[in-house]
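Source file: coords-v5.cif. Holds: mmCIF, C-alpha atoms.
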data_work
loop_
_atom_site.label_atom_id
_atom_site.label_comp_id
_atom_site.auth_asym_id
_atom_site.auth_seq_id
_atom_site.Cartn_x
_atom_site.Cartn_y
_atom_site.Cartn_z
CA MET A 17 -13.64 12.39 39.13
CA ALA A 18 -11.09 9.66 39.24
CA ALA A 19 -7.95 10.07 37.18
CA GLU A 20 -8.16 8.54 33.78
CA LEU A 21 -5.89 7.72 30.92
CA HIS A 22 -6.51 7.96 27.26
CA VAL A 23 -6.11 4.71 25.40
CA GLU A 24 -5.49 4.25 21.70
CA LEU A 25 -5.55 0.67 20.50
CA VAL A 26 -4.18 0.76 16.98
CA ALA A 27 -3.66 -2.06 14.52
CA ALA A 28 -1.42 -1.72 11.49
CA ASP A 29 -4.29 -1.01 9.13
CA ARG A 30 -6.89 0.65 11.35
CA SER A 31 -7.64 2.20 14.68
CA VAL A 32 -9.38 -0.47 16.76
CA TRP A 33 -10.49 1.28 19.91
CA SER A 34 -9.90 4.56 21.62
CA GLY A 35 -11.31 6.09 24.76
CA GLU A 36 -10.79 6.82 28.42
CA ALA A 37 -9.89 4.11 30.89
CA THR A 38 -8.89 3.66 34.51
CA LEU A 39 -6.82 0.52 34.12
CA VAL A 40 -5.24 -1.35 31.25
CA ILE A 41 -3.79 -4.80 31.61
CA ALA A 42 -1.55 -6.12 28.85
CA ARG A 43 0.97 -8.87 28.49
CA THR A 44 4.57 -7.85 27.83
CA THR A 45 7.42 -10.21 27.15
CA SER A 46 8.34 -10.14 30.81
CA GLY A 47 4.87 -10.66 32.19
CA ASP A 48 1.48 -9.04 32.62
CA ILE A 49 1.54 -5.35 33.33
CA GLY A 50 -1.21 -3.14 34.64
CA VAL A 51 -1.13 0.54 33.77
CA MET A 52 -3.09 3.08 35.74
CA PRO A 53 -3.20 6.86 35.42
CA GLY A 54 0.00 8.50 36.59
CA HIS A 55 2.19 5.55 35.69
CA GLN A 56 5.76 6.35 34.84
CA PRO A 57 6.53 6.68 31.11
CA LEU A 58 6.83 3.19 29.75
CA LEU A 59 7.69 1.48 26.52
CA GLY A 60 7.18 -2.24 26.38
CA VAL A 61 7.12 -5.08 23.90
CA LEU A 62 3.82 -6.93 23.86
CA GLU A 63 3.35 -10.63 23.62
CA SER A 64 0.41 -12.25 21.93
CA GLY A 65 -2.24 -12.05 24.56
CA PRO A 66 -5.51 -10.53 25.63
CA VAL A 67 -5.57 -6.87 26.60
CA THR A 68 -8.11 -5.84 29.19
CA ILE A 69 -9.22 -2.22 29.35
CA ARG A 70 -11.41 -1.02 32.21
CA THR A 71 -13.21 2.01 30.90
CA THR A 72 -14.18 4.98 33.03
CA GLY A 73 -17.82 4.04 32.58
CA GLY A 74 -17.18 0.84 34.50
CA GLY A 75 -17.27 -1.35 31.42
CA THR A 76 -14.59 -3.70 30.25
CA VAL A 77 -13.14 -3.98 26.78
CA VAL A 78 -11.17 -7.07 25.90
CA ALA A 79 -9.09 -7.39 22.77
CA ALA A 80 -6.79 -10.02 21.37
CA VAL A 81 -3.46 -8.51 20.43
CA HIS A 82 -0.74 -10.26 18.45
CA GLY A 83 2.69 -8.72 18.74
CA GLY A 84 3.31 -5.04 19.12
CA PHE A 85 4.10 -2.37 21.69
CA LEU A 86 2.72 -0.39 24.42
CA SER A 87 3.86 3.11 25.08
CA PHE A 88 2.67 5.26 27.91
CA ALA A 89 3.43 8.90 28.59
CA ASP A 90 1.45 11.86 29.94
CA ASP A 91 -1.52 9.67 30.78
CA LYS A 92 -1.74 8.62 27.16
CA LEU A 93 -1.41 4.95 26.41
CA SER A 94 -0.83 3.69 22.89
CA LEU A 95 -1.16 0.03 22.16
CA LEU A 96 0.32 -0.70 18.77
CA ALA A 97 -0.32 -4.12 17.37
CA GLU A 98 0.20 -5.73 14.03
CA ILE A 99 -3.12 -7.46 14.50
CA ALA A 100 -5.71 -6.49 17.09
CA GLU A 101 -9.28 -7.63 17.42
CA LEU A 102 -11.94 -6.68 19.92
CA ALA A 103 -13.56 -9.60 21.73
CA ASP A 104 -16.92 -9.11 20.04
CA GLU A 105 -15.28 -9.03 16.60
CA ILE A 106 -13.76 -12.44 17.06
CA ASP A 107 -15.42 -15.27 15.25
CA VAL A 108 -15.32 -18.00 17.91
CA THR A 109 -16.07 -20.93 15.64
CA ARG A 110 -13.40 -19.80 13.23
CA ALA A 111 -10.86 -19.42 16.01
CA GLU A 112 -11.75 -22.89 17.29
CA ARG A 113 -11.24 -24.33 13.86
CA ALA A 114 -7.92 -22.49 13.59
CA LEU A 115 -6.90 -23.88 16.98
CA GLU A 116 -7.65 -27.45 15.91
CA ARG A 117 -5.84 -26.97 12.65
CA ALA A 118 -2.82 -25.46 14.41
CA LYS A 119 -2.75 -28.37 16.84
CA ALA A 120 -2.88 -30.84 13.98
CA ASP A 121 -0.05 -29.03 12.18
CA ALA A 122 1.91 -28.59 15.42
CA ASP A 123 2.21 -24.88 14.58
CA ALA A 124 2.94 -23.37 17.98
CA ALA A 125 2.59 -19.75 16.88
CA ALA A 126 -0.76 -20.28 15.17
CA GLU A 127 -1.96 -22.32 18.13
CA ARG A 128 -1.08 -19.50 20.47
CA ARG A 129 -2.83 -16.93 18.27
CA ALA A 130 -6.01 -18.98 18.14
CA ASP A 131 -5.83 -19.59 21.88
CA VAL A 132 -5.45 -15.87 22.59
CA ARG A 133 -8.43 -15.11 20.40
CA LEU A 134 -10.57 -17.67 22.18
CA ARG A 135 -9.58 -16.43 25.60
CA ALA A 136 -10.26 -12.85 24.65
CA ALA A 137 -13.64 -13.82 23.23
CA ALA A 138 -14.48 -15.65 26.47
CA GLY A 139 -14.48 -12.27 28.19
CA PRO A 140 -12.69 -10.63 31.11
CA HIS A 141 -10.88 -12.92 33.48
CA MET B 18 -25.11 0.35 -48.72
CA GLY B 19 -21.82 1.49 -50.11
CA ALA B 20 -18.65 -0.36 -49.27
CA GLN B 21 -17.08 2.79 -47.79
CA LEU B 22 -20.02 3.39 -45.50
CA ARG B 23 -19.94 -0.20 -44.29
CA VAL B 24 -16.27 0.13 -43.32
CA TYR B 25 -16.96 3.29 -41.32
CA LYS B 26 -19.95 1.72 -39.58
CA ARG B 27 -17.83 -1.26 -38.58
CA ARG B 28 -15.07 0.94 -37.15
CA ILE B 29 -17.55 3.05 -35.20
CA LYS B 30 -18.93 -0.12 -33.67
CA ALA B 31 -15.46 -1.36 -32.71
CA VAL B 32 -14.45 1.97 -31.14
CA THR B 33 -17.75 2.16 -29.25
CA ALA B 34 -17.05 -1.26 -27.73
CA THR B 35 -13.54 -0.15 -26.70
CA LYS B 36 -14.93 3.04 -25.25
CA LYS B 37 -17.34 1.08 -23.10
CA ILE B 38 -14.46 -0.96 -21.70
CA THR B 39 -12.21 2.02 -20.98
CA LYS B 40 -15.11 3.91 -19.42
CA ALA B 41 -15.79 0.95 -17.10
CA MET B 42 -12.11 0.72 -16.17
CA GLU B 43 -12.02 4.44 -15.49
CA MET B 44 -14.96 4.20 -13.13
CA ILE B 45 -13.59 1.14 -11.34
CA ALA B 46 -10.23 2.87 -10.86
CA ALA B 47 -11.94 6.02 -9.59
CA SER B 48 -13.82 4.09 -6.92
CA ARG B 49 -10.66 2.23 -5.94
CA ILE B 50 -8.65 5.43 -5.46
CA VAL B 51 -11.06 6.49 -2.75
CA LYS B 52 -10.79 3.09 -1.11
CA ALA B 53 -7.00 3.15 -1.33
CA GLN B 54 -6.86 6.65 0.13
CA ARG B 55 -9.04 5.53 2.99
CA ARG B 56 -6.60 2.73 3.68
CA VAL B 57 -3.69 5.15 3.68
CA ALA B 58 -5.57 7.28 6.20
CA ALA B 59 -6.43 4.21 8.31
CA SER B 60 -2.79 3.21 8.55
CA THR B 61 -1.66 6.68 9.62
CA PRO B 62 -2.34 6.36 13.39
CA TYR B 63 -0.17 3.26 13.61
CA ALA B 64 2.63 4.85 11.60
CA SER B 65 2.65 8.08 13.60
CA GLU B 66 2.51 6.28 16.97
CA LEU B 67 5.35 4.06 15.85
CA THR B 68 7.41 7.05 14.74
CA ARG B 69 6.82 8.62 18.12
CA ALA B 70 7.92 5.46 19.91
CA VAL B 71 11.04 5.07 17.76
CA THR B 72 11.98 8.70 18.40
CA ALA B 73 11.41 8.19 22.11
CA VAL B 74 13.70 5.17 22.24
CA ALA B 75 16.34 6.83 20.11
CA THR B 76 16.46 9.94 22.25
CA GLY B 77 15.92 8.15 25.55
CA SER B 78 18.67 5.58 25.25
CA ASN B 79 22.16 5.26 23.85
CA THR B 80 21.64 1.84 22.41
CA ARG B 81 23.29 1.16 19.09
CA HIS B 82 21.43 -1.01 16.69
CA PRO B 83 22.60 -2.33 13.30
CA LEU B 84 19.50 -0.82 11.68
CA THR B 85 20.36 2.69 12.87
CA THR B 86 24.14 2.58 12.56
CA GLU B 87 25.62 4.28 9.54
CA VAL B 88 28.24 2.24 7.78
CA GLU B 89 31.34 4.30 7.14
CA LYS B 90 31.93 3.12 3.62
CA PRO B 91 28.81 1.47 2.25
CA THR B 92 29.64 -1.00 -0.50
CA ARG B 93 26.32 -2.60 -1.24
CA ALA B 94 22.82 -1.14 -1.37
CA ALA B 95 19.45 -2.78 -1.81
CA VAL B 96 16.83 -1.03 -3.92
CA LEU B 97 13.21 -1.99 -3.51
CA LEU B 98 11.18 -0.97 -6.54
CA VAL B 99 7.40 -0.78 -6.34
CA THR B 100 5.57 -1.15 -9.67
CA SER B 101 2.14 -2.45 -10.63
CA ASP B 102 0.96 -5.91 -11.56
CA ARG B 103 -1.22 -4.74 -14.40
CA GLY B 104 -0.67 -2.30 -17.22
CA LEU B 105 -3.07 0.25 -18.72
CA ALA B 106 -2.02 2.78 -16.13
CA GLY B 107 -0.24 5.26 -18.35
CA GLY B 108 3.35 5.89 -17.36
CA TYR B 109 2.89 4.66 -13.80
CA SER B 110 5.19 1.64 -13.86
CA SER B 111 7.70 3.00 -16.36
CA ASN B 112 8.11 6.20 -14.33
CA ALA B 113 8.88 4.20 -11.22
CA ILE B 114 11.31 2.01 -13.16
CA LYS B 115 12.98 5.10 -14.59
CA ALA B 116 13.41 6.56 -11.10
CA ALA B 117 14.95 3.27 -9.96
CA GLU B 118 17.34 3.31 -12.92
CA GLN B 119 18.46 6.82 -12.02
CA LEU B 120 19.00 5.84 -8.40
CA THR B 121 20.92 2.75 -9.47
CA THR B 122 23.20 4.82 -11.70
CA ARG B 123 23.79 7.29 -8.90
CA LEU B 124 24.59 4.55 -6.38
CA ARG B 125 26.89 2.81 -8.84
CA GLY B 126 28.63 6.12 -9.42
CA GLU B 127 29.25 6.34 -5.69
CA GLY B 128 30.91 2.94 -5.83
CA ARG B 129 28.11 0.83 -4.45
CA GLU B 130 26.96 -2.49 -5.72
CA VAL B 131 23.18 -2.50 -6.21
CA VAL B 132 20.93 -5.40 -5.31
CA HIS B 133 17.40 -5.25 -6.73
CA TYR B 134 14.18 -6.22 -5.05
CA ILE B 135 11.02 -5.79 -7.06
CA ILE B 136 7.31 -5.65 -6.35
CA GLY B 137 4.84 -5.91 -9.22
CA ARG B 138 4.72 -7.92 -12.42
CA LYS B 139 5.62 -4.94 -14.63
CA GLY B 140 8.92 -4.36 -12.89
CA VAL B 141 9.73 -8.06 -12.82
CA GLY B 142 9.01 -8.26 -16.56
CA TYR B 143 11.27 -5.28 -17.25
CA TYR B 144 14.19 -6.82 -15.38
CA SER B 145 13.76 -10.37 -16.64
CA PHE B 146 13.53 -9.14 -20.25
CA ARG B 147 16.90 -7.44 -19.79
CA GLU B 148 18.19 -10.50 -17.97
CA ARG B 149 19.25 -8.54 -14.92
CA PRO B 150 19.66 -10.38 -11.66
CA VAL B 151 16.93 -9.78 -9.10
CA ALA B 152 17.46 -10.68 -5.45
CA GLY B 153 13.78 -10.98 -4.65
CA SER B 154 10.43 -10.25 -6.23
CA TRP B 155 6.81 -10.29 -5.16
CA THR B 156 3.70 -10.06 -7.29
CA GLY B 157 -0.05 -10.28 -6.94
CA PHE B 158 -0.94 -7.66 -4.34
CA THR B 159 -0.03 -4.25 -5.74
CA ASP B 160 -3.58 -2.99 -6.18
CA ASN B 161 -4.67 -3.98 -2.69
CA PRO B 162 -1.73 -4.55 -0.35
CA THR B 163 -2.27 -5.83 3.18
CA TYR B 164 0.01 -5.50 6.18
CA ALA B 165 0.93 -9.18 5.83
CA ASP B 166 2.22 -8.40 2.31
CA ALA B 167 4.36 -5.57 3.65
CA LYS B 168 5.73 -7.88 6.32
CA MET B 169 6.52 -10.51 3.72
CA VAL B 170 8.49 -7.93 1.71
CA ALA B 171 10.20 -6.27 4.67
CA ASP B 172 11.41 -9.44 6.39
CA PRO B 173 14.05 -10.53 3.84
CA LEU B 174 15.11 -6.89 3.42
CA ILE B 175 15.73 -6.43 7.13
CA GLU B 176 17.53 -9.75 7.16
CA ALA B 177 19.77 -8.58 4.32
CA VAL B 178 20.60 -5.35 6.15
CA LEU B 179 21.39 -7.19 9.38
CA LYS B 180 23.68 -9.61 7.60
CA ASP B 181 27.35 -8.80 7.31
CA THR B 182 28.28 -7.15 4.04
CA ALA B 183 31.04 -9.68 3.51
CA GLU B 184 28.50 -12.50 3.68
CA GLY B 185 26.21 -11.00 1.08
CA GLY B 186 24.34 -8.54 3.25
CA VAL B 187 23.65 -4.94 2.30
CA ASP B 188 24.61 -1.69 4.01
CA GLU B 189 21.72 0.44 2.89
CA LEU B 190 18.15 0.02 1.81
CA TYR B 191 16.42 2.34 -0.62
CA ILE B 192 12.81 2.24 -1.65
CA VAL B 193 11.53 3.58 -4.96
CA SER B 194 7.80 4.00 -5.05
CA THR B 195 5.18 6.39 -6.31
CA GLU B 196 3.88 8.97 -3.92
CA PHE B 197 0.27 9.98 -4.10
CA VAL B 198 0.30 13.77 -4.20
CA SER B 199 -3.18 14.38 -5.55
CA MET B 200 -5.70 12.84 -7.94
CA MET B 201 -3.80 14.40 -10.83
CA THR B 202 -0.20 14.17 -9.61
CA GLN B 203 1.73 11.10 -8.54
CA THR B 204 5.48 11.38 -8.37
CA PRO B 205 7.98 8.55 -8.20
CA VAL B 206 10.30 9.09 -5.25
CA ASP B 207 13.35 7.32 -3.88
CA LYS B 208 13.90 7.28 -0.16
CA ARG B 209 16.58 5.77 1.99
CA LEU B 210 14.90 3.58 4.55
CA LEU B 211 17.90 2.08 6.31
CA PRO B 212 20.03 2.82 8.17
CA LEU B 213 17.42 4.87 9.89
CA THR B 214 18.13 8.56 10.22
CA LEU B 215 16.51 9.48 13.47
CA GLU B 216 16.78 13.22 13.04
CA LYS B 217 14.48 12.73 10.11
CA ALA B 218 12.05 10.74 12.18
CA ASP B 219 12.09 13.67 14.57
CA ALA B 220 11.26 16.14 11.87
CA GLU B 221 8.45 13.96 10.56
CA ASP B 222 6.85 13.97 13.94
CA GLY B 223 6.14 17.65 13.55
CA ALA B 224 8.19 20.61 14.59
CA LYS B 225 7.12 20.50 18.20
CA ASP B 226 9.96 21.15 20.58
CA LYS B 227 8.42 19.06 23.30
CA ILE B 228 10.98 17.18 25.31
CA LEU B 229 10.11 13.53 25.29
CA PRO B 230 9.64 11.91 28.68
CA LEU B 231 12.21 9.50 30.01
CA PHE B 232 10.81 6.10 29.31
CA GLU B 233 11.10 3.00 31.35
CA PHE B 234 11.76 0.10 29.01
CA GLU B 235 10.12 -3.24 29.41
CA PRO B 236 11.99 -5.64 29.32
CA SER B 237 15.09 -3.62 28.27
CA ASP B 238 15.92 -0.85 25.85
CA GLU B 239 17.83 -3.20 23.53
CA ALA B 240 14.92 -5.62 23.41
CA VAL B 241 12.47 -2.82 22.74
CA LEU B 242 14.61 -1.41 19.95
CA ASP B 243 15.10 -4.88 18.53
CA ALA B 244 11.38 -5.35 18.31
CA LEU B 245 10.53 -1.78 17.39
CA LEU B 246 12.80 -1.12 14.42
CA PRO B 247 11.68 -4.02 12.21
CA ARG B 248 8.06 -2.99 12.86
CA TYR B 249 8.98 0.55 11.88
CA VAL B 250 10.50 -0.64 8.60
CA GLU B 251 7.45 -2.81 7.95
CA SER B 252 5.17 0.11 8.57
CA ARG B 253 7.21 2.28 6.18
CA VAL B 254 7.04 -0.40 3.49
CA TYR B 255 3.32 -0.79 4.13
CA ASN B 256 2.80 2.94 3.77
CA ALA B 257 4.79 2.96 0.53
CA LEU B 258 2.71 0.07 -0.81
CA LEU B 259 -0.55 1.78 0.06
CA GLN B 260 0.54 5.06 -1.52
CA ALA B 261 1.71 3.18 -4.59
CA ALA B 262 -1.64 1.41 -4.83
CA ALA B 263 -3.51 4.71 -4.64
CA SER B 264 -1.17 6.18 -7.26
CA GLU B 265 -1.64 3.17 -9.51
CA HIS B 266 -5.41 3.56 -9.44
CA ALA B 267 -5.14 7.30 -10.01
CA ALA B 268 -2.77 6.78 -12.94
CA ARG B 269 -5.08 4.14 -14.38
CA ARG B 270 -8.09 6.36 -14.02
CA ARG B 271 -6.32 9.17 -15.85
CA ALA B 272 -5.06 6.88 -18.62
CA MET B 273 -8.50 5.38 -19.08
CA LYS B 274 -10.14 8.79 -19.06
CA SER B 275 -7.95 9.99 -21.91
CA ALA B 276 -8.56 6.69 -23.73
CA THR B 277 -12.30 7.24 -23.38
CA ASP B 278 -11.96 10.81 -24.60
CA ASN B 279 -9.92 9.69 -27.59
CA ALA B 280 -12.49 7.02 -28.40
CA GLU B 281 -15.19 9.69 -28.33
CA GLU B 282 -13.16 11.84 -30.71
CA LEU B 283 -12.69 8.91 -33.06
CA ILE B 284 -16.38 8.04 -33.02
CA LYS B 285 -17.21 11.64 -33.83
CA SER B 286 -14.85 11.86 -36.78
CA PHE B 287 -15.91 8.46 -38.10
CA THR B 288 -19.54 9.49 -37.86
CA ARG B 289 -18.77 12.59 -39.92
CA LEU B 290 -16.99 10.48 -42.51
CA ALA B 291 -19.79 7.92 -42.55
CA ASN B 292 -22.35 10.69 -43.07
CA ALA B 293 -20.33 12.09 -45.97
CA ALA B 294 -20.01 8.61 -47.48
CA ARG B 295 -23.74 8.02 -47.14
CA GLN B 296 -24.48 11.40 -48.71
CA ALA B 297 -22.09 10.62 -51.56
CA ASP B 298 -23.82 7.28 -52.10
CA ILE B 299 -27.21 8.93 -52.24
CA THR B 300 -26.00 11.62 -54.61
CA GLN B 301 -24.48 9.02 -56.83
CA GLU B 302 -27.69 6.95 -56.84
CA ILE B 303 -29.80 9.99 -57.70
CA SER B 304 -27.53 10.99 -60.54
CA GLU B 305 -27.55 7.40 -61.78
CA ILE B 306 -31.35 7.32 -61.72
CA VAL B 307 -31.63 10.71 -63.36
CA GLY B 308 -29.06 9.73 -65.93
CA GLY B 309 -30.80 6.41 -66.55
CA ALA B 310 -34.23 8.05 -66.83
CA SER B 311 -33.06 10.68 -69.33
CA ALA B 312 -31.27 8.00 -71.34
CA LEU B 313 -34.49 5.98 -71.38
CA ALA B 314 -36.49 9.09 -72.34
CA ASP B 315 -34.03 9.80 -75.14
CA ALA B 316 -34.34 6.21 -76.34
CA THR B 317 -38.18 6.22 -76.36
CA ALA B 318 -38.24 9.61 -78.02
CA GLY B 319 -36.05 8.14 -80.75
CA SER B 320 -38.31 5.07 -81.33
CA ASP B 321 -41.42 7.29 -81.53
CA ARG B 322 -40.04 9.18 -84.41
#

What does the file become when written as structure tokens?
Amino acid sequence: MAAELHVELVAADRSVWSGEATLVIARTTSGDIGVMPGHQPLLGVLESGPVTIRTTGGGTVVAAVHGGFLSFADDKLSLLAEIAELADEIDVTRAERALERAKADADAAAERRADVRLRAAAGPH
Amino acid sequence: MGAQLRVYKRRIKAVTATKKITKAMEMIAASRIVKAQRRVAASTPYASELTRAVTAVATGSNTRHPLTTEVEKPTRAAVLLVTSDRGLAGGYSSNAIKAAEQLTTRLRGEGREVVHYIIGRKGVGYYSFRERPVAGSWTGFTDNPTYADAKMVADPLIEAVLKDTAEGGVDELYIVSTEFVSMMTQTPVDKRLLPLTLEKADAEDGAKDKILPLFEFEPSDEAVLDALLPRYVESRVYNALLQAAASEHAARRRAMKSATDNAEELIKSFTRLANAARQADITQEISEIVGGASALADATAGSDR
């Protein structure tokens, strides 16, 4: 069996997803990072962005994460986010509306949040 | 119906109506405690992971950060007081306020100026009635706080701590809130939140003597700490808010339960009194009739003669 790492995706008010994975791709402030089993202990600051988790079963879980951290040690990866949503929880029409509204208000942060949601909802890329 | 009886009947009716209300409030509060406790439990994974990460950074790097550095001679302290928006919760809010007063006296005694921050309408009312200055207050979310609320509260507090004391910043941050011990016990506690004592964070993590791995920091340890510590404070504030909400509901449930019990007692004693009054009325009527009848009989007997 291939090596695997245990992933906990935790939002401030709930646990969003947890399970075994072979690869996790997240966006830190200095760029995208891919974590595989056996990675060196790591603590990083996350940017707003989609997180892609390749599960051991061959499936892919995508979540939109807004701000937070990633910490990896002993093949255990914790993704802490203030807000985290799985792709299938995201209400696309609502996110689109939010995007339009953010564009109209020239609110860069809100625009980015809505954009991240939409990209996560669009699936793995 | 006698006047006395009517009065009792009216009071029984009034108390019954009150009892219905308190009973409803008791049941609402009881269901909300469970919900609030569930929210406390749901926020635990985030809090414990965050504590772990903070401990890891603190032990894995020598970075100094204003939020973890002890000031040698603290001159100003901020006290965040968590009370409720609504009353009818027994001594919930006043106990928290009392604890804050004690802390304030203690801090003043140690030569610190105290800046107040207040959550909840009850606390705000207490301070504004006494015309005491309040640096910041928030209301409207105490019975169901969200993470965004905690963030809203924590942001200005962190800002105040980061600011230089000479420019109006504070050296320390205390939080006074009510801890949910059990359904029956909620105790007001004061905790020092900042500067962060990392030994304490260690102890909270459990007494495992595991050596933490050497972390690689992305992008740098300062940047990680910069981002991590405010989140940690937010999460602490969030946890305090959730515990306070659970305590508020528990306190309300208990207060309403005793109100309902008292109403029951009152109804019982009024019913007894009403029964006695009715019995007295009946007795009086009977004796009046008997008296009237015998008077009439006497009168007719007299006319016959």

Please determine an axis-aligned box that encloses all atoms of segment 27-40 of chain B listed in the file, with 8 Å added on each side, and express its centre and edge lengths in Å to one decimal as JSON.
{"center_x": -15.6, "center_y": 1.3, "center_z": -29.0, "size_x": 22.7, "size_y": 21.3, "size_z": 35.2}

Restricting to all atoms listed in the file, whichever of A:Val40, A:Val78, A:Ala136, A:Val32 is closest to chain B is A:Val32

Neighbour list for segment 288-300 of chain B as a count of residues only, cut-off 7 Å, only C-alpha atoms, skip fewer than 4 positions in-chain: 7

Please return, as a ChimeraX atom specification, all residues of chain B lying within 10 Å of chain A when all atoms listed in the file are considered. /B:55-64,66-67,69-70,73-74,163-165,168,229-238,240-245,248,251-252,255-256

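Within the file as shown, the PyMOL selection byres ((chain B and resi 98) around 7) identifies Val96, Leu97, Val99, Thr100, Ala117, Tyr134, Ile135, Ile136, Ile192, Val193 and Ser194 of chain B.
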
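Atom CA of Gln301 of chain B sits 23.3 Å away from atom CA of Arg28 of chain B.
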
Can you list, as a list in words, every protein, DNA or RNA residue that comes within 8 Å of segment 35-39 of chain A when you count only C-alpha atoms, leaving out same-chain residues fewer than 6 positions away? Ala18, Ala19, Glu20, Leu21, His22, Val23, Glu24, Gly50, Val51, Met52, Pro53, Ile69, Arg70, Thr71 and Thr72 of chain A

What lies within 9 Å of segment 107-113 of chain A using only C-alpha atoms, ignoring chain neighbours under 5 positions off, as number ranges by chain? A: 118, 129-131, 133-134, 137-138

Test item: residues at most 7 Å from Gly65 of chain A, only C-alpha atoms, excluding those fewer than 2 positions along its chain, as a PDB file with C-alpha atoms, keeping the file's coordinate frame:
ATOM      1  CA  ARG A  43       0.970  -8.870  28.490  1.00  0.00           C
ATOM      2  CA  GLU A  63       3.350 -10.630  23.620  1.00  0.00           C
ATOM      3  CA  VAL A  67      -5.570  -6.870  26.600  1.00  0.00           C
ATOM      4  CA  ALA A  80      -6.790 -10.020  21.370  1.00  0.00           C
ATOM      5  CA  VAL A  81      -3.460  -8.510  20.430  1.00  0.00           C
ATOM      6  CA  HIS A  82      -0.740 -10.260  18.450  1.00  0.00           C
ATOM      7  CA  VAL A 132      -5.450 -15.870  22.590  1.00  0.00           C
TER       8      VAL A 132
END

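Separating atom CA of Pro205 of chain B from atom CA of Ile175 of chain B is a distance of 22.8 Å.
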
What residues come out when you apply the PyMOL selection byres ((chain B and resi 141) around 12) to this file, written as a PyMOL selection string? chain B and resi 97-103+110-111+114+133-140+142-157

So the first atom is atom CA of Thr92 of chain B and the second is atom CA of Glu184 of chain B; what is the distance between them in Å, to one decimal place? 12.3 Å

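The residue set within 9 Å of Glu265 of chain B, counting only C-alpha atoms and dropping same-chain residues fewer than 2 places from it, reads Ala46, Ile50, Thr100, Ser101, Ala106, Tyr109, Ser110, Thr159, Asp160, Thr195, Phe197, Gln203, Gln260, Ala261, Ala262, Ala263, Ala267, Ala268, Arg269 and Arg270 of chain B.
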
Output C-alpha atoms for every residue in the selection just made, as a PDB file, keeping the file's coordinate frame.
ATOM      1  CA  ALA B  46     -10.230   2.870 -10.860  1.00  0.00           C
ATOM      2  CA  ILE B  50      -8.650   5.430  -5.460  1.00  0.00           C
ATOM      3  CA  THR B 100       5.570  -1.150  -9.670  1.00  0.00           C
ATOM      4  CA  SER B 101       2.140  -2.450 -10.630  1.00  0.00           C
ATOM      5  CA  ALA B 106      -2.020   2.780 -16.130  1.00  0.00           C
ATOM      6  CA  TYR B 109       2.890   4.660 -13.800  1.00  0.00           C
ATOM      7  CA  SER B 110       5.190   1.640 -13.860  1.00  0.00           C
ATOM      8  CA  THR B 159      -0.030  -4.250  -5.740  1.00  0.00           C
ATOM      9  CA  ASP B 160      -3.580  -2.990  -6.180  1.00  0.00           C
ATOM     10  CA  THR B 195       5.180   6.390  -6.310  1.00  0.00           C
ATOM     11  CA  PHE B 197       0.270   9.980  -4.100  1.00  0.00           C
ATOM     12  CA  GLN B 203       1.730  11.100  -8.540  1.00  0.00           C
ATOM     13  CA  GLN B 260       0.540   5.060  -1.520  1.00  0.00           C
ATOM     14  CA  ALA B 261       1.710   3.180  -4.590  1.00  0.00           C
ATOM     15  CA  ALA B 262      -1.640   1.410  -4.830  1.00  0.00           C
ATOM     16  CA  ALA B 263      -3.510   4.710  -4.640  1.00  0.00           C
ATOM     17  CA  ALA B 267      -5.140   7.300 -10.010  1.00  0.00           C
ATOM     18  CA  ALA B 268      -2.770   6.780 -12.940  1.00  0.00           C
ATOM     19  CA  ARG B 269      -5.080   4.140 -14.380  1.00  0.00           C
ATOM     20  CA  ARG B 270      -8.090   6.360 -14.020  1.00  0.00           C
TER      21      ARG B 270
END

Give the answer as one residue: which of B:Arg23, B:Gly128, B:Thr317, B:Lys37 has the shortest atom-to-atom distance to Asp278 of chain B, using all atoms listed in the file? B:Lys37

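If only C-alpha atoms are the atoms counted, then among B:Met44, B:Ala280, B:Val206, B:Met201 the closest residue to Gln119 of chain B is B:Val206.
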